[in-house]
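One structure below.
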Amino acid sequence: MKENITDRSWVEIDLSTFRSNLRILKDYLRPGQSFLQIVKADAYGHGAKEIAEIALAEGAKYLGVANAEEGKLLRIQNIQAPILILSPSLISEIPKLLKYKLTPSVSDADFASALSQKAQAAGVSCDVHLKLDTGMHRSGIYIAEAMAFYQAVAALQALHIEGIFSHFASAESDPEFSHQQESALADFIHALAQPPRYVHIANSAGLINAYGSFCNLVRWGICSYGVNISTGNIGVQPVMTFKSTLSQIKPINPGDTVGYEREWTAAHAGRYGIIPVGYADGYDFLLSNRAVVLIRGSLCPVIGRISMDMITVDLSKLPQAELTDEVILLGEGHEEIRVERLAGLYHGSAYELLCQVGRRAKRYYRSQDRVLHSTPLARRDFVSSDFGDSKLNQIITSALTQRLDSEEIGELIYREILRTFFYNKDRNVHYRKNFQHEISFATADNPMYYVAKTRLRYQKILDKDTFIVACASSNESLRAYFMRPDVEYRWLLDARLLHIEDSFFVDSVRINDIDLQTQCKNLASCQEILCFHPKLKKLVGQEVAYEINTTTLYPTAAHQFSVFISELTRGVKISFSYPPELGQVEPVSIFSGQQKNPQITQRPGKIQLKSQADEWVFPLSGVVFSY
Ligand SMILES: *Cc1c(COP(=O)(O)O)cnc(C)c1O
């Protein structure tokens with residue numbers, strides 16, 4: 001395994017071990033009981049998504065997390081199973097709970113009514129689990145008040161009591177108190193006319209010690225990660241192994257001291273090694289002078305104080321140790337480096353040590369000896385909404401640069417192609433479908449111009465109930481119209497035509513079957529035609545068919561006519577019909593996107609360019625007809 005790893009320290013998560021631990025635990029379930037996999041705190045440092053996927057495949061009915069944010073992260077990573085929020089939620093978290101369909105634990109009347117109100121306003125119903133305090137004196141409603149609370153929540157319109165639960169204070173060590181707690185919950189449930197779908201109280205220790213047998217759900221965490229509870233070894237194995245490398249080996253003389261405050265003194269001549277992890281990596285400071293690490297199958301004592309970024313180990317009894325040897329700091333390989341053993345050395349918590357260990361390390365997921373994939377240092381998956389716009393743009397550019405292995409090209413793609421989409425941060429990027437643009441020229445009374453009729457049709461999601469058709473008579477004003485998302489169609493008029501209003505006409509604008517009303521506004525060197533209709537309000541957000549017909553004039557002396565595609569478009573057809581006076585017409589297409597060469601058909605008086613109906617054509621594409 002080590003050959004492929006270049007990190008200074010890393011964490012290996014053995015998913016096949018996790019799966020076999022689940023099988024051991026499932027043997028403790030009673031008939032009719034299922035399990036909720038606890039994946040809070042990123043699954044005790046193991047990676048919530050990976051752990052959740054396996055637990056669900058092994059039959060978990062529910063997942064448990066600490067707060068709405070952890071639940072959201074799982075949803076974003078496409079986990080669809082029910083998710084219980086174990087800690088009390090804040091009123092400010094309600095929108096997130098509803099949006100991501102998370103199940104809150106409820107033990108407060110104000111919270112419950114706020115939740116019901118917001119759910120009702122959103123037109124949804126929200127599952128909740130009531131949390132009862134049966135003696136732990138942490139979150140939960142006291143048993144004495146629980147029945148009134150139950151009835152109050154049951155009366156709330158938009159809430160559905162899917163579960164009722166409690167939590168043991170001391171399931172590992174106090175059978176008497178635990179029995180009192182389970183009886184309190186059992187009595188409460190028996191007093192109900194109808195129990196909810198889920199009733200639960202046991203954590204890992206509760207399950208192993210056979211408490212809560214009247215419940216139909218068990219919430220387990222620690223044992224599934226391979227940590228035995230203090231009262232019994234049930235044969236689970238560590239899922240996480242934290243490893244590093246011997247980075248330096250040095251001799252030491254009798255009487256020399258090692259590290260800060262000189263807490264360790266060499267009794268005789270020997271060798272010691274430096275390992276590049278410290279308390280900043282989650283290797284607890286309290287392990288100073290107490291822990292052991294595993295090198296080549298031998299236990300080597302940690303000597304001196306743990307530093308922020310380094311620890312020192314005694315190699316005197318391991319003469320064969322060499323630079324770059326793999327060092328196992330915690331996990332599988334030896335009983336002495338199991339997390340419960342290490343945490344026990346300083347009367348600490350195995351839960352805490354698992355959550356903190358490997359804080360700087362990359363996680364490698366494996367199944368037996370095969371590496372499946374790895375995730376980076378940050379203990380959090382990338383969620384784009386965590387970042388502001390400018391930071392997000394920076395991330396997109398750097399991801400492109402990395403992927404293409406070229407700063408120049410990454411920059412270019414971002415600037416030239418993507419920036420058009422992101423120009424306005426709240427601009428909705430909707431694409432046009434079945435874009436059909438028909439232009440026909442005819443001779444006019446005035447020999448300096450052709451009469452140009454244009455018909456534009458496409459389908460797109462309607463963003464707003466009004467939009468603009470714009471006619472510009474200078475390149476500058478045309479350019480400004482290209483930047484405006486409310487403009488659906490633009491035309492550049494010959495600057496010599498003094499009165500725009502006599503030279504550019506919108507014949508009709510239609511959305512589906514609705515003939516829109518129009519209102520012209522004349523500006524210095526442009527004209528804006530506002531298109532609107534009272535019926536459009538109802539269509540906002542839906543895909544509609546646009547049709548825009550115009551009649552205008554085009555100078556005969558121009559000798560070329562261009563059509564631009566200004567938005568992301570799927571399926572393009574452009575046709576140009578013209579009188580014989582134009583002579584020979586050459587189409588030059590500049591299409592960017594999937595299809596660079598549209599199909600061109602040409603017959604006397606008409607040219608047509610066409611892409612396949614499902615092919616993307618990018619903005620900045622177009623065609624020039626020259627004559
Ligand atoms: C963390 C937690 C658990 C899991 O406990 P383990 O001892 O890890 O099995 C169960 N229930 C609740 C409410 C928790 O917060």
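Please note that chains go A, B, ... in the order of the structure tokens, that every chain numbers its residues from 1, and that ligands are numbered from 1 in the order shown.
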*Distance filter 9 Å around ligand 1, atoms: only C-alpha atoms and all ligand atoms, out as a ChimeraX atom specification*: /A:36-40,44,64-66,85-87,165-168,171-172,200-207,218-225,229,351
Residues just named, written with C-alpha atoms as a JSON list (two decimals), in the first residue's frame:
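The new file result36.json reads:
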```
[["chain", "number", "residue", "atom", "x", "y", "z"],
["A", 36, "LEU", "CA", -29.70, 3.73, 12.42],
["A", 37, "GLN", "CA", -26.08, 4.34, 11.45],
["A", 38, "ILE", "CA", -24.58, 7.28, 13.32],
["A", 39, "VAL", "CA", -22.42, 9.30, 10.91],
["A", 40, "LYS", "CA", -22.11, 12.54, 12.89],
["A", 44, "TYR", "CA", -16.28, 9.86, 13.72],
["A", 64, "GLY", "CA", -27.89, 10.09, 12.29],
["A", 65, "VAL", "CA", -25.97, 13.37, 12.18],
["A", 66, "ALA", "CA", -25.34, 16.15, 14.68],
["A", 85, "ILE", "CA", -30.61, 15.35, 13.38],
["A", 86, "LEU", "CA", -29.60, 14.25, 16.88],
["A", 87, "SER", "CA", -28.94, 17.61, 18.55],
["A", 165, "PHE", "CA", -36.51, 8.35, 21.42],
["A", 166, "SER", "CA", -34.29, 8.84, 24.40],
["A", 167, "HIS", "CA", -30.59, 8.45, 25.11],
["A", 168, "PHE", "CA", -28.67, 6.54, 27.80],
["A", 171, "ALA", "CA", -25.12, 2.37, 29.11],
["A", 172, "GLU", "CA", -21.55, 1.09, 29.40],
["A", 200, "HIS", "CA", -35.31, 3.98, 19.97],
["A", 201, "ILE", "CA", -33.00, 4.39, 22.93],
["A", 202, "ALA", "CA", -29.91, 2.19, 22.55],
["A", 203, "ASN", "CA", -26.50, 3.27, 21.31],
["A", 204, "SER", "CA", -23.73, 0.69, 20.77],
["A", 205, "ALA", "CA", -23.30, -0.08, 24.47],
["A", 206, "GLY", "CA", -27.07, -0.23, 24.97],
["A", 207, "LEU", "CA", -27.30, -2.83, 22.22],
["A", 218, "VAL", "CA", -30.87, 0.95, 17.50],
["A", 219, "ARG", "CA", -28.56, 3.91, 16.92],
["A", 220, "TRP", "CA", -25.01, 2.68, 16.72],
["A", 221, "GLY", "CA", -21.75, 4.46, 16.13],
["A", 222, "ILE", "CA", -18.60, 3.60, 18.03],
["A", 223, "CYS", "CA", -18.70, -0.21, 17.81],
["A", 224, "SER", "CA", -19.31, -0.13, 14.07],
["A", 225, "TYR", "CA", -16.04, 1.79, 13.74],
["A", 229, "ILE", "CA", -16.93, -0.95, 24.72],
["A", 351, "TYR", "CA", -14.61, 8.95, 20.43]]
```
*Residue neighbourhood A:Ser113, 12 Å, only C-alpha atoms, exclusion window fewer than 2 positions, as a count of residues only*: 24
*Using only C-alpha atoms, which of the listed residues (A:Asn228, A:Ser477, A:Thr552, A:Thr6) sits closest to A:Phe441?*
A:Thr552
*Residues at most 12 Å from stretch 396-407 of chain A, counting only C-alpha atoms, excluding those fewer than 5 positions away in the same chain, as an MDAnalysis selection string?*
chainID A and resid 382 384 387 389:391 412:419 422
Take the residues from that selection and write them out as a short mmCIF file (atom, residue, chain, number, x, y, z; two decimals), in the first residue's frame, keeping all heavy atoms.
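And here's out.cif as it stands now:
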```
data_model
loop_
_atom_site.label_atom_id
_atom_site.label_comp_id
_atom_site.auth_asym_id
_atom_site.auth_seq_id
_atom_site.Cartn_x
_atom_site.Cartn_y
_atom_site.Cartn_z
N PHE A 382 -16.47 19.50 -1.12
CA PHE A 382 -16.64 20.79 -1.75
C PHE A 382 -18.13 21.09 -1.93
O PHE A 382 -18.85 20.33 -2.57
CB PHE A 382 -15.95 20.80 -3.10
CG PHE A 382 -16.15 22.08 -3.84
CD1 PHE A 382 -15.48 23.21 -3.45
CD2 PHE A 382 -17.06 22.15 -4.88
CE1 PHE A 382 -15.69 24.41 -4.11
CE2 PHE A 382 -17.27 23.34 -5.54
CZ PHE A 382 -16.58 24.47 -5.16
N SER A 384 -20.37 24.23 -3.25
CA SER A 384 -20.14 25.52 -3.89
C SER A 384 -20.78 26.67 -3.13
O SER A 384 -20.26 27.78 -3.12
CB SER A 384 -20.60 25.49 -5.34
OG SER A 384 -21.91 25.01 -5.39
N PHE A 387 -18.96 29.27 -0.79
CA PHE A 387 -18.03 30.28 -1.26
C PHE A 387 -18.75 31.47 -1.88
O PHE A 387 -19.81 31.33 -2.47
CB PHE A 387 -17.09 29.67 -2.30
CG PHE A 387 -16.30 28.52 -1.75
CD1 PHE A 387 -16.75 27.23 -1.88
CD2 PHE A 387 -15.13 28.74 -1.06
CE1 PHE A 387 -16.05 26.17 -1.35
CE2 PHE A 387 -14.40 27.69 -0.52
CZ PHE A 387 -14.86 26.40 -0.67
N ASP A 389 -18.97 34.64 -4.65
CA ASP A 389 -18.80 34.60 -6.10
C ASP A 389 -17.37 34.69 -6.58
O ASP A 389 -16.94 33.95 -7.44
CB ASP A 389 -19.59 35.76 -6.73
CG ASP A 389 -21.01 35.33 -6.99
OD1 ASP A 389 -21.29 34.12 -6.89
OD2 ASP A 389 -21.83 36.21 -7.28
N SER A 390 -16.61 35.64 -6.01
CA SER A 390 -15.28 35.84 -6.58
C SER A 390 -14.40 34.65 -6.22
O SER A 390 -13.61 34.18 -7.04
CB SER A 390 -14.68 37.15 -6.10
OG SER A 390 -14.39 37.05 -4.74
N LYS A 391 -14.60 34.11 -5.02
CA LYS A 391 -13.82 32.93 -4.62
C LYS A 391 -14.21 31.74 -5.50
O LYS A 391 -13.35 30.96 -5.93
CB LYS A 391 -14.10 32.63 -3.14
CG LYS A 391 -13.33 31.47 -2.57
CD LYS A 391 -11.87 31.81 -2.41
CE LYS A 391 -11.07 30.57 -2.05
NZ LYS A 391 -9.63 30.82 -2.12
N LEU A 412 -8.10 31.06 -20.26
CA LEU A 412 -8.78 31.40 -21.52
C LEU A 412 -10.21 30.84 -21.53
O LEU A 412 -11.16 31.55 -21.85
CB LEU A 412 -7.99 30.79 -22.68
CG LEU A 412 -8.58 31.05 -24.06
CD1 LEU A 412 -8.20 32.46 -24.50
CD2 LEU A 412 -8.09 30.04 -25.06
N ILE A 413 -10.32 29.58 -21.15
CA ILE A 413 -11.66 28.97 -21.17
C ILE A 413 -12.56 29.70 -20.21
O ILE A 413 -13.70 30.02 -20.51
CB ILE A 413 -11.57 27.48 -20.82
CG1 ILE A 413 -10.93 26.75 -21.98
CG2 ILE A 413 -12.97 26.90 -20.51
CD1 ILE A 413 -10.88 25.27 -21.83
N TYR A 414 -12.02 30.01 -19.03
CA TYR A 414 -12.84 30.71 -18.07
C TYR A 414 -13.25 32.08 -18.62
O TYR A 414 -14.41 32.44 -18.65
CB TYR A 414 -12.11 30.87 -16.73
CG TYR A 414 -12.97 31.67 -15.79
CD1 TYR A 414 -14.08 31.08 -15.22
CD2 TYR A 414 -12.72 33.02 -15.56
CE1 TYR A 414 -14.94 31.81 -14.42
CE2 TYR A 414 -13.57 33.75 -14.76
CZ TYR A 414 -14.68 33.15 -14.19
OH TYR A 414 -15.52 33.87 -13.42
N ARG A 415 -12.25 32.83 -19.09
CA ARG A 415 -12.52 34.22 -19.47
C ARG A 415 -13.40 34.31 -20.71
O ARG A 415 -14.35 35.07 -20.77
CB ARG A 415 -11.19 34.94 -19.72
CG ARG A 415 -11.25 36.42 -19.41
CD ARG A 415 -9.92 37.09 -19.65
NE ARG A 415 -9.39 36.68 -20.93
CZ ARG A 415 -8.15 36.25 -21.11
NH1 ARG A 415 -7.32 36.19 -20.12
NH2 ARG A 415 -7.73 35.90 -22.31
N GLU A 416 -13.08 33.49 -21.70
CA GLU A 416 -13.76 33.66 -22.99
C GLU A 416 -15.08 32.91 -23.07
O GLU A 416 -15.97 33.29 -23.80
CB GLU A 416 -12.85 33.20 -24.13
CG GLU A 416 -11.60 34.05 -24.27
CD GLU A 416 -11.92 35.53 -24.43
OE1 GLU A 416 -12.91 35.87 -25.10
OE2 GLU A 416 -11.17 36.34 -23.84
N ILE A 417 -15.18 31.81 -22.38
CA ILE A 417 -16.39 31.03 -22.56
C ILE A 417 -17.29 31.10 -21.34
O ILE A 417 -18.45 31.46 -21.42
CB ILE A 417 -16.05 29.57 -22.92
CG1 ILE A 417 -15.26 29.57 -24.22
CG2 ILE A 417 -17.34 28.76 -23.07
CD1 ILE A 417 -14.79 28.23 -24.66
N LEU A 418 -16.73 30.81 -20.18
CA LEU A 418 -17.59 30.70 -19.01
C LEU A 418 -18.02 32.05 -18.46
O LEU A 418 -19.08 32.17 -17.90
CB LEU A 418 -16.89 29.89 -17.92
CG LEU A 418 -16.60 28.46 -18.33
CD1 LEU A 418 -15.86 27.73 -17.24
CD2 LEU A 418 -17.90 27.72 -18.63
N ARG A 419 -17.17 33.05 -18.63
CA ARG A 419 -17.48 34.31 -17.98
C ARG A 419 -18.80 34.91 -18.47
O ARG A 419 -19.50 35.58 -17.73
CB ARG A 419 -16.34 35.31 -18.15
CG ARG A 419 -16.33 36.33 -17.02
CD ARG A 419 -15.24 37.31 -17.22
NE ARG A 419 -15.47 38.02 -18.46
CZ ARG A 419 -15.43 39.33 -18.57
NH1 ARG A 419 -15.15 40.06 -17.52
NH2 ARG A 419 -15.64 39.91 -19.72
N PHE A 422 -21.38 33.82 -16.20
CA PHE A 422 -21.29 34.27 -14.82
C PHE A 422 -21.23 35.78 -14.71
O PHE A 422 -21.01 36.32 -13.66
CB PHE A 422 -20.05 33.67 -14.14
CG PHE A 422 -19.98 32.18 -14.25
CD1 PHE A 422 -18.76 31.55 -14.44
CD2 PHE A 422 -21.12 31.41 -14.17
CE1 PHE A 422 -18.70 30.17 -14.54
CE2 PHE A 422 -21.07 30.03 -14.27
CZ PHE A 422 -19.85 29.42 -14.46
#
```
*Tell me, as a ChimeraX atom specification, which residues lie within 10 Å of A:Glu322, counting only C-alpha atoms; anything in the same chain fewer than 2 positions away does not count.*
/A:245-249,273,295-296,315,318-320,324-326
Written file, previous selection with N, CA and C atoms, as a compact mmCIF listing (two decimals), in the first residue's frame:
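Listing of result-v2.txt after writing:
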```txt
# COMPACT_ATOMS: atom_id res chain seq x y z
N THR A 245 5.46 8.02 8.40
CA THR A 245 6.72 7.54 7.85
C THR A 245 7.85 7.97 8.77
N LEU A 246 8.83 7.13 8.91
CA LEU A 246 10.04 7.54 9.66
C LEU A 246 10.78 8.55 8.79
N SER A 247 10.91 9.77 9.29
CA SER A 247 11.52 10.79 8.43
C SER A 247 12.97 11.09 8.80
N GLN A 248 13.41 10.65 9.97
CA GLN A 248 14.81 10.86 10.33
C GLN A 248 15.17 9.88 11.44
N ILE A 249 16.42 9.38 11.41
CA ILE A 249 16.90 8.49 12.49
C ILE A 249 18.21 9.06 13.01
N GLY A 273 13.89 7.91 16.44
CA GLY A 273 13.36 8.31 15.13
C GLY A 273 12.41 9.48 15.25
N ILE A 295 6.27 -0.20 14.22
CA ILE A 295 7.15 -0.14 13.06
C ILE A 295 7.66 -1.57 12.80
N ARG A 296 7.52 -2.04 11.59
CA ARG A 296 7.94 -3.41 11.23
C ARG A 296 7.41 -4.44 12.24
N LEU A 315 14.10 3.90 19.05
CA LEU A 315 14.33 2.80 18.10
C LEU A 315 15.41 1.85 18.60
N LEU A 318 15.07 -1.70 17.89
CA LEU A 318 14.71 -2.04 16.51
C LEU A 318 15.84 -1.61 15.56
N PRO A 319 16.97 -2.32 15.64
CA PRO A 319 18.14 -1.89 14.84
C PRO A 319 17.87 -1.91 13.34
N GLN A 320 16.90 -2.74 12.90
CA GLN A 320 16.68 -2.83 11.45
C GLN A 320 15.81 -1.70 10.91
N THR A 324 12.11 6.10 5.99
CA THR A 324 10.92 5.84 5.16
C THR A 324 10.15 4.58 5.54
N ASP A 325 10.51 3.91 6.64
CA ASP A 325 9.67 2.81 7.11
C ASP A 325 8.27 3.34 7.43
N GLU A 326 7.27 2.49 7.18
CA GLU A 326 5.90 2.87 7.53
C GLU A 326 5.72 2.79 9.05
```
*asked:* Set the distance at 12 Å and use only C-alpha atoms: which residues neighbour A:Leu620 once local chain neighbours fewer than 6 positions away are removed? I'd like the list as a list in words.
replied: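 Returned residues: Glu416, Ile417, Leu418, Thr420, Phe482, Ser562, Val563, Phe564, Ile565, Ser566, Glu567, Leu568, Thr569, Ser589, Ile590, Phe591, Ser592 and Gly593 of chain A.
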_Quick one: residues within 8 Å of stretch 279-294 of chain A, only C-alpha atoms, excluding same-chain residues fewer than 4 positions away - as a PyMOL selection string?_
chain A and resi 264+298-309+313+327-330+333-334+336-337+342+345-346+353+356-361
Written selection (N, CA, C and O atoms) as a short mmCIF file (atom, residue, chain, number, x, y, z; two decimals), in the first residue's frame:
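Result file is part-v4.cif:
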```cif
data_model
loop_
_atom_site.label_atom_id
_atom_site.label_comp_id
_atom_site.auth_asym_id
_atom_site.auth_seq_id
_atom_site.Cartn_x
_atom_site.Cartn_y
_atom_site.Cartn_z
N TRP A 264 12.38 13.46 28.62
CA TRP A 264 12.87 12.07 28.50
C TRP A 264 14.39 12.09 28.41
O TRP A 264 14.97 12.89 27.68
N SER A 298 6.95 -4.11 15.35
CA SER A 298 7.42 -3.95 16.73
C SER A 298 6.88 -2.67 17.33
O SER A 298 6.75 -1.65 16.64
N LEU A 299 6.60 -2.71 18.62
CA LEU A 299 6.11 -1.52 19.31
C LEU A 299 7.30 -0.66 19.73
O LEU A 299 8.24 -1.16 20.34
N CYS A 300 7.26 0.63 19.39
CA CYS A 300 8.33 1.54 19.80
C CYS A 300 7.70 2.64 20.65
O CYS A 300 6.72 3.25 20.24
N PRO A 301 8.26 2.92 21.84
CA PRO A 301 7.67 3.93 22.73
C PRO A 301 7.87 5.35 22.21
O PRO A 301 8.92 5.67 21.65
N VAL A 302 6.83 6.16 22.40
CA VAL A 302 6.95 7.59 22.12
C VAL A 302 7.74 8.20 23.26
O VAL A 302 7.42 7.98 24.43
N ILE A 303 8.82 8.93 22.93
CA ILE A 303 9.65 9.51 23.99
C ILE A 303 9.58 11.03 23.92
O ILE A 303 9.53 11.61 22.83
N GLY A 304 9.54 11.66 25.07
CA GLY A 304 9.46 13.12 25.13
C GLY A 304 8.07 13.61 24.81
O GLY A 304 7.14 12.84 24.59
N ARG A 305 7.98 14.94 24.80
CA ARG A 305 6.67 15.57 24.56
C ARG A 305 6.28 15.51 23.09
O ARG A 305 7.13 15.62 22.22
N ILE A 306 4.98 15.39 22.86
CA ILE A 306 4.46 15.52 21.50
C ILE A 306 4.60 17.00 21.12
O ILE A 306 4.21 17.87 21.90
N SER A 307 5.18 17.29 19.96
CA SER A 307 5.24 18.68 19.47
C SER A 307 4.05 18.93 18.56
O SER A 307 3.27 18.03 18.28
N MET A 308 3.97 20.14 18.05
CA MET A 308 2.86 20.46 17.16
C MET A 308 2.90 19.59 15.90
O MET A 308 1.88 19.08 15.45
N ASP A 309 4.12 19.40 15.37
CA ASP A 309 4.23 18.73 14.08
C ASP A 309 5.14 17.50 14.07
O ASP A 309 5.43 16.96 13.01
N VAL A 313 10.39 8.75 18.67
CA VAL A 313 10.19 7.39 19.20
C VAL A 313 11.54 6.72 19.41
O VAL A 313 12.51 6.98 18.70
N VAL A 327 5.03 3.78 9.60
CA VAL A 327 4.77 3.81 11.04
C VAL A 327 3.26 3.78 11.24
O VAL A 327 2.55 4.59 10.65
N ILE A 328 2.78 2.85 12.06
CA ILE A 328 1.34 2.84 12.35
C ILE A 328 1.14 3.49 13.71
O ILE A 328 1.69 3.05 14.72
N LEU A 329 0.39 4.58 13.70
CA LEU A 329 0.19 5.35 14.93
C LEU A 329 -1.04 4.90 15.69
O LEU A 329 -1.10 5.01 16.91
N LEU A 330 -2.05 4.47 14.94
CA LEU A 330 -3.31 4.11 15.58
C LEU A 330 -4.08 3.22 14.62
O LEU A 330 -4.01 3.42 13.41
N GLY A 333 -3.26 -3.71 13.59
CA GLY A 333 -1.87 -4.17 13.58
C GLY A 333 -1.42 -4.69 14.94
O GLY A 333 -0.60 -5.59 15.02
N HIS A 334 -1.96 -4.10 16.00
CA HIS A 334 -1.56 -4.53 17.34
C HIS A 334 -2.58 -3.99 18.34
O HIS A 334 -3.05 -2.87 18.20
N GLU A 336 -2.12 -2.83 21.19
CA GLU A 336 -1.63 -1.64 21.92
C GLU A 336 -1.88 -0.34 21.17
O GLU A 336 -1.76 0.74 21.76
N ILE A 337 -2.14 -0.41 19.88
CA ILE A 337 -2.37 0.85 19.15
C ILE A 337 -3.85 1.01 18.77
O ILE A 337 -4.20 1.88 17.98
N LEU A 342 -5.12 3.54 23.34
CA LEU A 342 -4.38 4.82 23.37
C LEU A 342 -5.12 5.86 24.20
O LEU A 342 -4.52 6.56 25.01
N LEU A 345 -4.70 5.52 27.85
CA LEU A 345 -3.42 5.92 28.43
C LEU A 345 -3.50 7.27 29.12
O LEU A 345 -2.72 7.57 30.01
N TYR A 346 -4.39 8.12 28.66
CA TYR A 346 -4.49 9.45 29.30
C TYR A 346 -5.90 9.70 29.82
O TYR A 346 -6.32 10.85 29.98
N LEU A 353 -10.61 10.87 20.20
CA LEU A 353 -9.37 10.59 19.48
C LEU A 353 -9.67 10.24 18.02
O LEU A 353 -8.99 10.72 17.11
N GLN A 356 -10.46 13.41 16.05
CA GLN A 356 -9.40 14.40 15.86
C GLN A 356 -8.20 13.88 15.09
O GLN A 356 -7.44 14.64 14.51
N VAL A 357 -8.05 12.59 15.05
CA VAL A 357 -6.83 12.03 14.48
C VAL A 357 -6.82 12.23 12.96
O VAL A 357 -7.86 12.22 12.31
N GLY A 358 -5.65 12.47 12.44
CA GLY A 358 -5.53 12.62 10.99
C GLY A 358 -6.12 13.90 10.47
O GLY A 358 -6.60 13.95 9.34
N ARG A 359 -6.10 14.93 11.28
CA ARG A 359 -6.70 16.20 10.85
C ARG A 359 -6.04 16.79 9.61
O ARG A 359 -6.66 17.53 8.87
N ARG A 360 -4.76 16.50 9.43
CA ARG A 360 -4.10 17.02 8.24
C ARG A 360 -3.98 15.97 7.14
O ARG A 360 -3.39 16.22 6.11
N ALA A 361 -4.46 14.77 7.42
CA ALA A 361 -4.12 13.65 6.53
C ALA A 361 -5.18 13.39 5.47
O ALA A 361 -6.36 13.65 5.68
#
```
*Backbone-only DSSP, strand (DSSP E) members of stretch 381-574 of chain A, as an MDAnalysis selection string*: chainID A and resid 432:443 449:461 466:472 487:492 504:511 514:515 517:523 526:532 543:555 560:565 569:574
_For atom CA of A:Val469 and atom CA of A:Tyr481, the interatomic separation in Å (one decimal)_ =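 Separation between atom CA of A:Val469 and atom CA of A:Tyr481: 9.5 Å.
Every protein or nucleic acid residue with an atom no more than 10 Å from A:Leu492, counting only C-alpha atoms and leaving out same-chain residues fewer than 5 positions away, appears here: Ala470, Cys471, Ala472, Ser473, Ser474, Asn475, Ser477, Leu478, Arg479, Phe504, Cys526 and Tyr554 of chain A.
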*From the DSSP assignment of the backbone, select every residue of stretch 318-402 of chain A that is helix (DSSP H, G or I), and format the answer as a ChimeraX atom specification.*
/A:335-337,339-345,350-356,384-386,389-402
*asked:* For a quick check of understanding, using only C-alpha atoms, which of A:Ala557, A:Ala60, A:Ile208, A:Ile143 has the smallest distance to A:Ala186?
replied: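 For A:Ala186, the nearest of the candidates is A:Ile143.
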